[in-house]
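K.L.:
What follows is a single structure, and I will ask about it in a moment.
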Amino acid sequence: GNSTWGFPKKPYKMKFDSKVSLLGEPEDKEWVLLANYTDKTQIRNEIAFFMGELSSLDYTPRTHYVEVVLNGIYNGTYQLCEQLKISKSRVNVGDDGYLLEADMKAAADDVTFKVTHISQRLNIKDPEVEVDSEAYTYVVNHLNYIDEVLFSDNFADPVEGYAKYMDVLSFVDWYLINEITKNPDSRFDTSCYMHLSRGGKLTMGPLWDFDIACGNINYHVLAADPEGFWVKSVPWYVRLFEDPAFVSLVKERFAYFYGKQNEIFAEINRNAEYLQYAAVENNNKWGTLYNYTWPNNEILGTYQSEVQNMKNWLIRRFEWLNTAISEL
């Protein structure tokens with residue numbers, strides 16, 4: 001974690017000596033424990049991932065809620081989650097593919113590069129590459145070429161335009177999940193992932209980091225408001241929305257997600273019921289429910305009130321988008 005490492009309840013990464021299967025998921029050495037400290041519902045990441053499972057995205061991290069005991073001491077409720085990485089059971093881009101992140105929080109020793117119309121640098125998260133190596137040069141040149149095509153006069157041509165190089169459906173579904181939840185980081189600031197197989201199309205995803213989404217933010221009024229577009233202002237998406245074919249697909253796919261609301265809210269209810277007692281114990285450990293934790297927009301007290309507030313926000317968000325997207 002970046003911001004979350006500064007909180008009392010720490011997130012953790014686990015790395016085993018050999019591949020293991022945890023709670024029935026595909027074997028791997030690397031797993032993470034998400035603390036969800038700032039999200040009093042502890043559901044925001046899970047519901048975004050649930051929408052990912054409903055979507056066309058080729059991979060969404062699998063998660064399970066767990067209770068963590070560290071060195072014999074209870075440490076609270078966590079979300080066991082697959083570490084984002086290249087592998088056959090996770091981001092499957094082959095032995096010479098790439099996992100990239102638009103990342104304003106990239107460290108000085110990360111290998112990054114710039115693309116003209118993406119505000120933040122792109123961080124090569126996986127594999128490890130050296131600057132100016134063949135692998136580095138390939139992905140830098142390829143992403144900049146895609147950017148050039150996207151902003152060319154011929155960009156909307158269905159044969160030779162951006163659709164030749166970008167997996168359009170993934171760009172639509174990634175956009176909609178982040179727009180529906182109004183994820184503050186999703187304007188290509190941080191935790192915005194894309195992946196590329198050599199010879200394949202640039203694909204958006206996986207989804208990541210939704211703990212301050214769905215109105216759970218106080219430092220940006222527009223991000224907390226269930227009304228108003230958010231991700232649509234990203235330069236790449238501004239350009240994509242200039243293509244009527246892209247707009248048509250956004251309308252089609254939003255109608256799909258809009259029609260899945262019963263399933264989405266049922267998933268929220270299932271998680272809330274599953275966590276209701278764990279939330280009390282987690283609060284006894286960390287004292288979050290009745291106190292401010294950055295960057296909460298409101299302090300509502302009970303766990304049930306926190307969940308209901310998130311549901312109310314999502315209902316308003318779906319209805320505003322339903323009108324706004326129909327008018328595009």
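Identifiers in the structure tokens: chain A, B, ... in order shown; residue index from 1 per chain; ligand index from 1 in order shown.
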Identify, on the basis of only C-alpha atoms, every residue whose closest approach to region 248-255 of chain A does not exceed 8 Å; exclude the query and any residue fewer than 2 positions from it along the same chain; express the result as a PyMOL selection string.
P.N.:
chain A and resi 169+172-173+176+244-246+257-259+322+325-326
K.L.:
With N, CA, C and O atoms retained, could you export that selection as a tab-separated table (two decimals), in the first residue's frame?
P.N.:
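After the write, again.tsv holds the following:
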```tsv
chain	number	residue	atom	x	y	z
A	169	LEU	N	-13.56	-3.17	-25.79
A	169	LEU	CA	-14.53	-3.57	-24.77
A	169	LEU	C	-13.93	-3.47	-23.37
A	169	LEU	O	-14.61	-3.08	-22.42
A	172	VAL	N	-14.04	0.08	-22.30
A	172	VAL	CA	-15.40	0.48	-21.94
A	172	VAL	C	-15.77	-0.04	-20.55
A	172	VAL	O	-16.24	0.71	-19.69
A	173	ASP	N	-15.57	-1.32	-20.31
A	173	ASP	CA	-16.00	-1.89	-19.03
A	173	ASP	C	-15.15	-1.38	-17.87
A	173	ASP	O	-15.67	-1.11	-16.77
A	176	LEU	N	-16.51	2.06	-17.15
A	176	LEU	CA	-17.81	2.10	-16.50
A	176	LEU	C	-17.76	1.70	-15.03
A	176	LEU	O	-18.41	2.31	-14.19
A	244	PRO	N	-18.26	8.07	-32.27
A	244	PRO	CA	-19.64	7.62	-32.03
A	244	PRO	C	-19.75	6.13	-31.74
A	244	PRO	O	-20.62	5.71	-30.98
A	245	ALA	N	-18.88	5.33	-32.34
A	245	ALA	CA	-18.93	3.88	-32.10
A	245	ALA	C	-18.58	3.56	-30.65
A	245	ALA	O	-19.17	2.66	-30.04
A	246	PHE	N	-17.62	4.29	-30.09
A	246	PHE	CA	-17.26	4.09	-28.68
A	246	PHE	C	-18.41	4.51	-27.78
A	246	PHE	O	-18.75	3.80	-26.82
A	257	PHE	N	-24.82	-3.06	-17.11
A	257	PHE	CA	-24.54	-2.92	-15.68
A	257	PHE	C	-25.75	-2.38	-14.92
A	257	PHE	O	-26.03	-2.81	-13.79
A	258	TYR	N	-26.46	-1.45	-15.52
A	258	TYR	CA	-27.67	-0.89	-14.90
A	258	TYR	C	-28.68	-2.01	-14.64
A	258	TYR	O	-29.34	-2.03	-13.59
A	259	GLY	N	-28.78	-2.95	-15.57
A	259	GLY	CA	-29.68	-4.08	-15.41
A	259	GLY	C	-29.21	-5.11	-14.40
A	259	GLY	O	-29.97	-6.03	-14.05
A	322	ASN	N	-27.58	6.96	-15.58
A	322	ASN	CA	-28.56	6.46	-16.52
A	322	ASN	C	-29.10	7.60	-17.40
A	322	ASN	O	-29.27	7.43	-18.61
A	325	ILE	N	-25.71	9.31	-19.45
A	325	ILE	CA	-25.16	8.52	-20.54
A	325	ILE	C	-26.16	8.42	-21.69
A	325	ILE	O	-25.75	8.42	-22.88
A	326	SER	N	-27.44	8.37	-21.40
A	326	SER	CA	-28.43	8.32	-22.48
A	326	SER	C	-28.43	9.59	-23.32
A	326	SER	O	-28.87	9.57	-24.48
```
K.L.:
Write down as JSON, numbers by chain the residues of region 56-283 of chain A whose backbone DSSP state falls under alpha helix (DSSP H).
P.N.:
{"A": [134, 135, 136, 137, 138, 139, 140, 141, 142, 143, 144, 145, 146, 147, 148, 149, 150, 168, 169, 170, 171, 172, 173, 174, 175, 176, 177, 178, 179, 180, 181, 221, 222, 223, 224, 235, 236, 237, 238, 239, 240, 244, 245, 246, 247, 248, 249, 250, 251, 252, 253, 254, 255, 256, 257, 258, 261, 262, 263, 264, 265, 266, 267, 268, 269, 270, 271, 272, 273, 274, 275, 276, 277, 278, 279, 280, 281, 282, 283]}
K.L.:
Mind dumping a table of every region 85-201 of chain A residue within 10 Å of region 209-221 of chain A, with the nearest atom pair and its distance in Å to one decimal, using only C-alpha atoms, sorted by chain and rising number, as a Markdown table?
P.N.:
```
| residue | atom | partner | partner_atom | distance |
| --- | --- | --- | --- | --- |
| A:Asn178 | CA | A:Ala213 | CA | 8.5 |
| A:Glu179 | CA | A:Ala213 | CA | 9.7 |
| A:Ile180 | CA | A:Cys214 | CA | 8.1 |
| A:Thr181 | CA | A:Cys214 | CA | 4.9 |
| A:Lys182 | CA | A:Ala213 | CA | 5.8 |
| A:Asn183 | CA | A:Ala213 | CA | 4.4 |
| A:Pro184 | CA | A:Ala213 | CA | 6.2 |
| A:Asp185 | CA | A:Asp209 | CA | 8.1 |
| A:Ser186 | CA | A:Asp209 | CA | 9.2 |
| A:Thr190 | CA | A:Asp209 | CA | 9.0 |
| A:Ser191 | CA | A:Asp209 | CA | 6.4 |
| A:Cys192 | CA | A:Asp209 | CA | 8.8 |
```
K.L.:
With N, CA, C and O atoms retained, export the selected residues as a PDB file, in the first residue's frame.
P.N.:
```
ATOM      1  N   ASN A 178     -15.234   2.036 -12.988  1.00  0.00           N
ATOM      2  CA  ASN A 178     -14.619   3.150 -12.271  1.00  0.00           C
ATOM      3  C   ASN A 178     -15.517   4.383 -12.258  1.00  0.00           C
ATOM      4  O   ASN A 178     -15.513   5.147 -11.280  1.00  0.00           O
ATOM      5  N   GLU A 179     -16.303   4.583 -13.302  1.00  0.00           N
ATOM      6  CA  GLU A 179     -17.222   5.721 -13.346  1.00  0.00           C
ATOM      7  C   GLU A 179     -18.417   5.498 -12.429  1.00  0.00           C
ATOM      8  O   GLU A 179     -18.844   6.409 -11.714  1.00  0.00           O
ATOM      9  N   ILE A 180     -18.962   4.295 -12.427  1.00  0.00           N
ATOM     10  CA  ILE A 180     -20.092   3.983 -11.543  1.00  0.00           C
ATOM     11  C   ILE A 180     -19.700   4.181 -10.085  1.00  0.00           C
ATOM     12  O   ILE A 180     -20.449   4.761  -9.294  1.00  0.00           O
ATOM     13  N   THR A 181     -18.531   3.711  -9.702  1.00  0.00           N
ATOM     14  CA  THR A 181     -18.070   3.841  -8.312  1.00  0.00           C
ATOM     15  C   THR A 181     -17.401   5.187  -8.048  1.00  0.00           C
ATOM     16  O   THR A 181     -17.088   5.510  -6.914  1.00  0.00           O
ATOM     17  N   LYS A 182     -17.181   5.957  -9.105  1.00  0.00           N
ATOM     18  CA  LYS A 182     -16.504   7.256  -9.037  1.00  0.00           C
ATOM     19  C   LYS A 182     -15.219   7.139  -8.230  1.00  0.00           C
ATOM     20  O   LYS A 182     -14.984   7.856  -7.254  1.00  0.00           O
ATOM     21  N   ASN A 183     -14.383   6.199  -8.664  1.00  0.00           N
ATOM     22  CA  ASN A 183     -13.117   5.928  -7.991  1.00  0.00           C
ATOM     23  C   ASN A 183     -12.173   7.126  -8.140  1.00  0.00           C
ATOM     24  O   ASN A 183     -11.763   7.447  -9.258  1.00  0.00           O
ATOM     25  N   PRO A 184     -11.801   7.799  -7.054  1.00  0.00           N
ATOM     26  CA  PRO A 184     -11.003   9.027  -7.170  1.00  0.00           C
ATOM     27  C   PRO A 184      -9.667   8.858  -7.889  1.00  0.00           C
ATOM     28  O   PRO A 184      -9.189   9.793  -8.529  1.00  0.00           O
ATOM     29  N   ASP A 185      -9.059   7.682  -7.789  1.00  0.00           N
ATOM     30  CA  ASP A 185      -7.734   7.462  -8.386  1.00  0.00           C
ATOM     31  C   ASP A 185      -7.792   7.123  -9.873  1.00  0.00           C
ATOM     32  O   ASP A 185      -6.748   7.003 -10.522  1.00  0.00           O
ATOM     33  N   SER A 186      -9.001   6.965 -10.423  1.00  0.00           N
ATOM     34  CA  SER A 186      -9.137   6.343 -11.738  1.00  0.00           C
ATOM     35  C   SER A 186      -8.930   7.291 -12.907  1.00  0.00           C
ATOM     36  O   SER A 186      -9.073   6.874 -14.059  1.00  0.00           O
ATOM     37  N   THR A 190      -3.289   6.789 -10.232  1.00  0.00           N
ATOM     38  CA  THR A 190      -2.573   5.677  -9.627  1.00  0.00           C
ATOM     39  C   THR A 190      -3.496   4.464  -9.586  1.00  0.00           C
ATOM     40  O   THR A 190      -4.728   4.609  -9.657  1.00  0.00           O
ATOM     41  N   SER A 191      -2.915   3.281  -9.491  1.00  0.00           N
ATOM     42  CA  SER A 191      -3.676   2.019  -9.469  1.00  0.00           C
ATOM     43  C   SER A 191      -4.530   1.832 -10.714  1.00  0.00           C
ATOM     44  O   SER A 191      -5.551   1.140 -10.669  1.00  0.00           O
ATOM     45  N   CYS A 192      -4.138   2.455 -11.815  1.00  0.00           N
ATOM     46  CA  CYS A 192      -4.839   2.283 -13.094  1.00  0.00           C
ATOM     47  C   CYS A 192      -3.996   1.368 -13.971  1.00  0.00           C
ATOM     48  O   CYS A 192      -2.984   1.802 -14.534  1.00  0.00           O
TER      49      CYS A 192
END
```
K.L.:
Which value, in Å to one decimal, gives the distance between CA of Asn262 (chain A) and CA of Leu54 (chain A)?
P.N.:
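Going from CA of Asn262 (chain A) over to CA of Leu54 (chain A) covers 12.5 Å.
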K.L.:
Counting only C-alpha atoms, which residue out of A:Ala35, A:Val238, A:Leu57, A:Met104 sits closest to His117 (chain A)?
P.N.:
A:Val238
K.L.:
What's the 10 Å shell around Ser18 (chain A), counting only C-alpha atoms, without same-chain residues fewer than 5 positions away, as number ranges by chain?
P.N.:
A: 27-30
K.L.:
So that I have them on file, write out the residues from the current selection with N, CA and C atoms, as a PDB file, in the first residue's frame.
P.N.:
```pdb
ATOM      1  N   GLU A  27      -2.748 -21.740  -7.385  1.00  0.00           N
ATOM      2  CA  GLU A  27      -1.495 -21.646  -6.635  1.00  0.00           C
ATOM      3  C   GLU A  27      -0.632 -20.479  -7.097  1.00  0.00           C
ATOM      4  N   ASP A  28       0.017 -19.833  -6.130  1.00  0.00           N
ATOM      5  CA  ASP A  28       0.982 -18.779  -6.427  1.00  0.00           C
ATOM      6  C   ASP A  28       1.791 -18.517  -5.158  1.00  0.00           C
ATOM      7  N   LYS A  29       2.935 -17.870  -5.330  1.00  0.00           N
ATOM      8  CA  LYS A  29       3.761 -17.526  -4.176  1.00  0.00           C
ATOM      9  C   LYS A  29       3.306 -16.232  -3.501  1.00  0.00           C
ATOM     10  N   GLU A  30       2.669 -15.335  -4.262  1.00  0.00           N
ATOM     11  CA  GLU A  30       2.449 -13.977  -3.768  1.00  0.00           C
ATOM     12  C   GLU A  30       0.968 -13.656  -3.571  1.00  0.00           C
TER      13      GLU A  30
END
```
K.L.:
As a PyMOL selection string, which residues of region 79-263 of chain A does DSSP assign to strand (DSSP E)?
P.N.:
chain A and resi 79-82+98-102+112-113+122-126+192-196+203-204
K.L.:
Suppose we keep N, CA, C and O atoms; can you now write the selection as a CSV table (one decimal), in the first residue's frame?
P.N.:
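Resulting contents of out24.csv:
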```csv
chain,number,residue,atom,x,y,z
A,79,GLN,N,-8.9,-8.5,3.8
A,79,GLN,CA,-9.3,-9.1,2.5
A,79,GLN,C,-8.1,-9.8,1.9
A,79,GLN,O,-7.2,-9.1,1.4
A,80,LEU,N,-8.1,-11.1,1.9
A,80,LEU,CA,-7.1,-11.9,1.2
A,80,LEU,C,-7.3,-11.7,-0.3
A,80,LEU,O,-8.4,-12.0,-0.8
A,81,CYS,N,-6.2,-11.3,-1.0
A,81,CYS,CA,-6.4,-11.0,-2.4
A,81,CYS,C,-5.2,-11.4,-3.2
A,81,CYS,O,-4.1,-11.5,-2.7
A,82,GLU,N,-5.4,-11.8,-4.4
A,82,GLU,CA,-4.3,-12.2,-5.3
A,82,GLU,C,-3.4,-10.9,-5.6
A,82,GLU,O,-4.0,-9.9,-6.0
A,98,TYR,N,3.4,-7.6,-20.7
A,98,TYR,CA,3.6,-6.5,-19.7
A,98,TYR,C,2.4,-6.2,-18.9
A,98,TYR,O,1.3,-6.2,-19.4
A,99,LEU,N,2.6,-5.9,-17.6
A,99,LEU,CA,1.6,-5.3,-16.7
A,99,LEU,C,2.1,-3.9,-16.4
A,99,LEU,O,3.2,-3.7,-15.9
A,100,LEU,N,1.3,-2.9,-16.7
A,100,LEU,CA,1.6,-1.5,-16.6
A,100,LEU,C,0.6,-0.8,-15.7
A,100,LEU,O,-0.5,-1.2,-15.5
A,101,GLU,N,1.1,0.3,-15.0
A,101,GLU,CA,0.3,1.1,-14.1
A,101,GLU,C,0.5,2.6,-14.3
A,101,GLU,O,1.7,3.0,-14.3
A,102,ALA,N,-0.6,3.3,-14.6
A,102,ALA,CA,-0.4,4.8,-14.5
A,102,ALA,C,-0.3,5.1,-13.0
A,102,ALA,O,-1.2,4.9,-12.2
A,112,THR,N,9.9,3.5,-15.3
A,112,THR,CA,8.7,4.2,-15.8
A,112,THR,C,9.0,4.8,-17.1
A,112,THR,O,10.2,4.9,-17.5
A,113,PHE,N,8.0,5.2,-17.8
A,113,PHE,CA,8.2,6.0,-19.0
A,113,PHE,C,7.0,6.9,-19.3
A,113,PHE,O,5.9,6.7,-18.6
A,122,LEU,N,3.9,5.9,-16.8
A,122,LEU,CA,3.5,4.5,-16.8
A,122,LEU,C,4.6,3.7,-16.1
A,122,LEU,O,5.8,3.8,-16.5
A,123,ASN,N,4.3,2.9,-15.1
A,123,ASN,CA,5.2,2.1,-14.4
A,123,ASN,C,5.1,0.7,-14.9
A,123,ASN,O,4.0,0.1,-15.0
A,124,ILE,N,6.3,0.1,-15.3
A,124,ILE,CA,6.3,-1.3,-15.7
A,124,ILE,C,6.3,-2.2,-14.4
A,124,ILE,O,7.4,-2.4,-13.8
A,125,LYS,N,5.2,-2.6,-14.0
A,125,LYS,CA,5.1,-3.4,-12.8
A,125,LYS,C,5.6,-4.8,-12.9
A,125,LYS,O,6.1,-5.4,-12.0
A,126,ASP,N,5.4,-5.4,-14.1
A,126,ASP,CA,5.9,-6.8,-14.3
A,126,ASP,C,6.0,-6.9,-15.8
A,126,ASP,O,5.2,-6.4,-16.6
A,192,CYS,N,-4.1,2.5,-11.8
A,192,CYS,CA,-4.8,2.3,-13.1
A,192,CYS,C,-4.0,1.4,-14.0
A,192,CYS,O,-3.0,1.8,-14.5
A,193,TYR,N,-4.4,0.1,-14.1
A,193,TYR,CA,-3.6,-0.9,-14.7
A,193,TYR,C,-4.1,-1.2,-16.1
A,193,TYR,O,-5.2,-1.1,-16.5
A,194,MET,N,-3.1,-1.6,-17.0
A,194,MET,CA,-3.4,-2.1,-18.3
A,194,MET,C,-2.3,-3.1,-18.6
A,194,MET,O,-1.3,-3.2,-18.0
A,195,HIS,N,-2.6,-4.0,-19.5
A,195,HIS,CA,-1.7,-5.0,-19.9
A,195,HIS,C,-1.6,-5.3,-21.4
A,195,HIS,O,-2.5,-5.0,-22.1
A,196,LEU,N,-0.5,-5.9,-21.7
A,196,LEU,CA,-0.2,-6.0,-23.2
A,196,LEU,C,0.5,-7.3,-23.4
A,196,LEU,O,1.5,-7.6,-22.8
A,203,THR,N,-4.9,-3.8,-23.3
A,203,THR,CA,-6.1,-4.1,-22.6
A,203,THR,C,-6.2,-3.5,-21.2
A,203,THR,O,-5.1,-3.4,-20.5
A,204,MET,N,-7.3,-2.9,-20.9
A,204,MET,CA,-7.4,-2.2,-19.6
A,204,MET,C,-7.6,-3.3,-18.5
A,204,MET,O,-8.3,-4.3,-18.7
```
K.L.:
Within 12 Å of Gly76 (chain A), counting only C-alpha atoms, which residues show up once you throw out same-chain ones fewer than 2 positions away? Write them as a ChimeraX atom specification, please.
P.N.:
/A:8-11,33-37,42,65-70,73-74,78-79,275,277-288
K.L.:
With C-alpha atoms kept, could you save the residues just selected as a CSV table (one decimal), in the first residue's frame?
P.N.:
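Final output, saved to again35.csv:
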```csv
chain,number,residue,atom,x,y,z
A,8,PRO,CA,-2.5,2.0,12.3
A,9,LYS,CA,-3.9,-1.1,10.6
A,10,LYS,CA,-1.3,-2.1,8.1
A,11,PRO,CA,-1.7,-4.0,4.8
A,33,LEU,CA,-3.9,-8.8,2.8
A,34,LEU,CA,-5.9,-5.6,2.2
A,35,ALA,CA,-6.6,-3.7,5.4
A,36,ASN,CA,-9.6,-1.7,4.2
A,37,TYR,CA,-8.9,0.7,7.1
A,42,GLN,CA,-14.9,-3.1,4.1
A,65,TYR,CA,-12.4,-12.1,3.9
A,66,VAL,CA,-10.2,-13.4,6.7
A,67,GLU,CA,-9.4,-12.8,10.3
A,68,VAL,CA,-5.7,-12.1,10.8
A,69,VAL,CA,-3.8,-13.2,13.9
A,70,LEU,CA,-0.2,-11.8,13.8
A,73,ILE,CA,-2.4,-11.3,18.5
A,74,TYR,CA,-5.7,-10.6,16.7
A,78,TYR,CA,-8.7,-8.3,6.2
A,79,GLN,CA,-9.3,-9.1,2.5
A,275,LEU,CA,-19.1,-9.3,8.0
A,277,TYR,CA,-19.9,-9.7,13.6
A,278,ALA,CA,-16.4,-9.4,12.2
A,279,ALA,CA,-17.0,-5.6,11.8
A,280,VAL,CA,-17.7,-5.3,15.6
A,281,GLU,CA,-14.5,-7.2,16.5
A,282,ASN,CA,-12.5,-5.2,14.0
A,283,ASN,CA,-13.9,-2.0,15.5
A,284,ASN,CA,-13.0,-3.2,19.0
A,285,LYS,CA,-9.4,-3.6,17.8
A,286,TRP,CA,-9.1,-0.4,15.7
A,287,GLY,CA,-11.9,1.9,16.9
A,288,THR,CA,-12.8,3.1,13.4
```
K.L.:
Which one of A:Asn271, A:Asn297, A:Lys105, A:Phe229 sits closest to Ala324 (chain A) if you count only C-alpha atoms?
P.N.:
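Looking only at the distances to Ala324 (chain A), the closest residue turns out to be A:Phe229.
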K.L.:
To one decimal in Å, tell me the separation between CA of Asp243 (chain A) and CA of Ile47 (chain A).
P.N.:
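According to the coordinates, CA of Asp243 (chain A) and CA of Ile47 (chain A) are separated by 29.9 Å.
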K.L.:
Nearest residue to Thr137 (chain A) out of A:Val149, A:Ile315, A:Ala156, A:Val111, using only C-alpha atoms?
P.N.:
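When distances to Thr137 (chain A) are compared using only C-alpha atoms, the smallest one comes from A:Val111.
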